[in-house]
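Containing compact mmCIF, C-alpha atoms: upload-v7.txt.
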# COMPACT_ATOMS: atom_id res chain seq x y z
CA MET A 35 0.00 0.00 0.00
CA ARG A 36 1.31 3.41 -0.95
CA PRO A 37 2.02 5.79 1.98
CA THR A 38 0.07 9.01 2.38
CA TRP A 39 1.96 12.23 1.69
CA ASP A 40 2.25 12.82 5.44
CA GLU A 41 3.76 9.36 5.94
CA TYR A 42 6.07 9.89 2.97
CA PHE A 43 7.49 13.14 4.35
CA MET A 44 7.76 11.67 7.85
CA ASN A 45 9.93 8.90 6.36
CA ILE A 46 12.20 11.62 4.99
CA VAL A 47 12.30 13.22 8.46
CA ASP A 48 13.49 9.87 9.83
CA MET A 49 16.39 9.90 7.37
CA ILE A 50 17.29 13.54 8.05
CA LYS A 51 17.35 13.09 11.82
CA THR A 52 20.23 10.63 11.47
CA ARG A 53 22.46 13.67 10.73
CA SER A 54 21.84 14.94 14.27
CA THR A 55 24.84 15.23 16.57
CA CYS A 56 22.76 15.59 19.74
CA MET A 57 23.61 13.04 22.41
CA ARG A 58 20.11 13.12 23.93
CA ARG A 59 17.65 13.00 21.05
CA GLN A 60 17.76 12.95 17.26
CA VAL A 61 15.24 15.29 15.68
CA GLY A 62 14.67 16.06 12.02
CA ALA A 63 12.44 18.57 10.24
CA VAL A 64 11.25 19.06 6.67
CA ILE A 65 9.36 22.10 5.43
CA VAL A 66 7.08 21.32 2.49
CA ARG A 67 4.68 23.26 0.30
CA ASP A 68 2.67 21.82 -2.58
CA LYS A 69 4.29 18.39 -2.05
CA ARG A 70 7.76 19.89 -2.62
CA ILE A 71 10.54 19.98 -0.06
CA LEU A 72 11.62 23.57 0.63
CA THR A 73 14.20 23.04 3.40
CA THR A 74 15.37 20.51 5.94
CA GLY A 75 16.98 20.69 9.36
CA TYR A 76 18.26 18.53 12.17
CA ASN A 77 19.35 19.34 15.69
CA GLY A 78 23.02 20.04 16.27
CA THR A 79 25.57 22.74 16.94
CA PRO A 80 25.96 25.86 14.78
CA SER A 81 28.02 25.49 11.61
CA GLY A 82 31.75 25.28 12.19
CA LEU A 83 31.54 24.58 15.93
CA LYS A 84 32.45 21.35 17.67
CA HIS A 85 29.61 18.91 18.06
CA CYS A 86 28.34 17.69 21.43
CA VAL A 87 29.53 14.18 20.59
CA GLU A 88 33.06 15.70 20.56
CA VAL A 89 32.89 17.97 23.62
CA GLY A 90 30.12 16.42 25.71
CA CYS A 91 26.59 17.46 26.52
CA LEU A 92 26.34 20.65 28.56
CA ARG A 93 22.77 19.76 29.57
CA ASP A 94 23.89 16.40 30.93
CA GLU A 95 26.81 18.00 32.78
CA LEU A 96 24.44 20.52 34.42
CA LYS A 97 21.76 17.84 34.98
CA ILE A 98 19.11 19.88 33.17
CA PRO A 99 15.89 17.91 32.59
CA SER A 100 14.38 17.67 29.13
CA GLY A 101 12.07 20.59 28.36
CA GLU A 102 13.79 23.08 30.67
CA ARG A 103 16.36 25.83 30.13
CA HIS A 104 16.57 25.48 26.33
CA GLU A 105 19.14 28.28 26.20
CA LEU A 106 21.69 26.11 28.03
CA CYS A 107 22.59 23.95 25.06
CA ARG A 108 25.17 24.10 22.27
CA GLY A 109 22.61 22.85 19.77
CA ILE A 110 19.98 24.39 17.56
CA HIS A 111 16.67 22.57 17.15
CA ALA A 112 15.74 20.91 13.86
CA GLU A 113 12.79 23.23 13.28
CA GLN A 114 14.99 26.28 13.89
CA ASN A 115 17.60 25.00 11.45
CA ALA A 116 14.97 24.37 8.77
CA ILE A 117 13.60 27.91 9.17
CA ILE A 118 17.13 29.38 9.20
CA GLN A 119 17.98 27.51 5.98
CA ALA A 120 14.93 29.08 4.34
CA ALA A 121 16.17 32.53 5.37
CA VAL A 122 19.77 31.88 4.26
CA PHE A 123 18.72 30.69 0.81
CA GLY A 124 15.78 33.08 0.32
CA VAL A 125 13.12 30.37 0.27
CA PRO A 126 9.66 31.63 1.27
CA ILE A 127 7.97 29.22 3.69
CA GLN A 128 4.63 30.96 4.25
CA ASN A 129 1.63 28.62 3.96
CA SER A 130 3.81 25.52 4.26
CA THR A 131 3.83 22.40 6.42
CA ILE A 132 6.65 21.45 8.79
CA TYR A 133 7.16 17.76 9.46
CA THR A 134 9.12 16.78 12.55
CA ASN A 135 9.46 13.54 14.46
CA VAL A 136 8.99 15.34 17.81
CA SER A 137 6.47 18.13 18.36
CA PRO A 138 8.03 21.59 18.70
CA CYS A 139 9.09 23.17 21.98
CA ILE A 140 7.93 26.67 22.90
CA LEU A 141 10.93 28.35 21.22
CA CYS A 142 10.32 26.51 17.94
CA THR A 143 6.57 27.05 18.20
CA LYS A 144 7.03 30.82 18.35
CA MET A 145 9.35 30.72 15.33
CA ILE A 146 6.89 28.53 13.40
CA ILE A 147 4.02 30.91 14.17
CA ASN A 148 6.00 33.97 13.04
CA SER A 149 7.43 32.27 9.94
CA GLY A 150 3.98 31.77 8.39
CA ILE A 151 4.01 27.97 8.51
CA THR A 152 0.37 26.89 8.67
CA ARG A 153 0.58 23.18 9.50
CA ILE A 154 2.65 20.95 11.78
CA VAL A 155 2.80 17.18 11.38
CA THR A 156 4.58 15.15 14.05
CA ARG A 157 4.79 11.65 15.46
CA GLU A 158 6.02 12.00 19.03
CA ALA A 159 4.68 14.48 21.57
CA TYR A 160 7.16 16.73 23.34
CA HIS A 161 5.47 17.73 26.55
CA ASP A 162 5.52 21.51 26.48
CA ALA A 163 2.23 22.88 27.78
CA LEU A 164 2.92 26.47 26.72
CA ALA A 165 3.81 25.38 23.18
CA LEU A 166 0.53 23.47 22.89
CA LYS A 167 -1.41 26.42 24.33
CA MET A 168 0.13 28.87 21.84
CA LEU A 169 -0.51 26.47 18.95
CA ALA A 170 -4.15 26.25 20.02
CA GLU A 171 -4.35 30.07 19.96
CA SER A 172 -2.81 30.25 16.50
CA ASN A 173 -4.38 29.23 13.21
CA ILE A 174 -1.81 26.48 12.74
CA GLU A 175 -3.16 23.00 12.08
CA TYR A 176 -1.48 20.44 14.38
CA VAL A 177 -1.50 16.80 13.29
CA LYS A 178 -0.06 13.95 15.37
CA LEU A 179 0.30 10.75 13.35
Take the structure from the file and write it as structure tokens.
Amino acid sequence: MRPTWDEYFMNIVDMIKTRSTCMRRQVGAVIVRDKRILTTGYNGTPSGLKHCVEVGCLRDELKIPSGERHELCRGIHAEQNAIIQAAVFGVPIQNSTIYTNVSPCILCTKMIINSGITRIVTREAYHDALALKMLAESNIEYVKL
């Protein structure tokens, strides 16, 4: 049986997340409009900097639980990287869908809202109550497969 478009793009997310250099969780993101991939992203350190797998995880060292103190991390989230790539290469992402294997945190949610993305498709819930509340307030469609 042929996969739906959502399943198809989630399979691509699964491939992209393997590029992640995060020691805690591999996350991938794909931004799509009209069944065409616009940009991709995965979580990891900024370009040119040493990866966490080389220098260790700051969050583990400081014993920071998942979902707290996002600013205390060397990495950039997959959704952020996908949005940044759109900006770097001049790719408009308004009225697009972002696919990600883990639902966005509050920081990514705010970027998604302001970027004009209108739909989020995810598989795994990331428990961030404020992110879910802000998504509910926005006009963004949220789909959990």
task = Give the answer as one residue: which of A:Leu92, A:Ile71, A:Ile65, A:Phe123 has the shortest atom-to-atom distance to A:Thr152, using only C-alpha atoms?
result =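 Closest residue, counting only C-alpha atoms: A:Ile65.
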query = How many Å lie between atom CA of A:Ala163 and atom CA of A:His85, rounded to one decimal?
reply =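 One can read the atom CA of A:Ala163 to atom CA of A:His85 distance as 29.3 Å.
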ask   = Which of these residues is nearest to A:Ala165, using all atoms listed in the file: A:Asn129, A:Gly101, A:Asn135, A:Val177?
value = A:Gly101
query = So what do you get for atom CA of A:Val66 versus atom CA of A:Phe43, distance-wise?
reply =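 Computing the Euclidean distance for atom CA of A:Val66 and atom CA of A:Phe43 yields 8.4 Å.
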ask   = What does the distance from atom CA of A:Glu171 to atom CA of A:Thr131 come to in Å, to one decimal?
value = 17.6 Å
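Near A:His161, within 10 Å and counting only C-alpha atoms, sit Ser100, Gly101, Val136, Ser137, Pro138, Cys139, Ile140 and Leu166 of chain A; same-chain residues fewer than 5 positions away were not included.
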query = Closest to A:Gln128 among A:Lys178, A:Arg153, A:His111, A:Lys97, using all atoms listed in the file?
reply =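 Of all the options, A:Arg153 lies closest to A:Gln128.
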query = Of the candidates A:Leu141, A:Met57, A:Ile117, A:Ile146, which one gets nearest to A:Gly90 if we count all atoms listed in the file?
reply =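 Among the listed residues, the smallest separation from A:Gly90 belongs to A:Met57.
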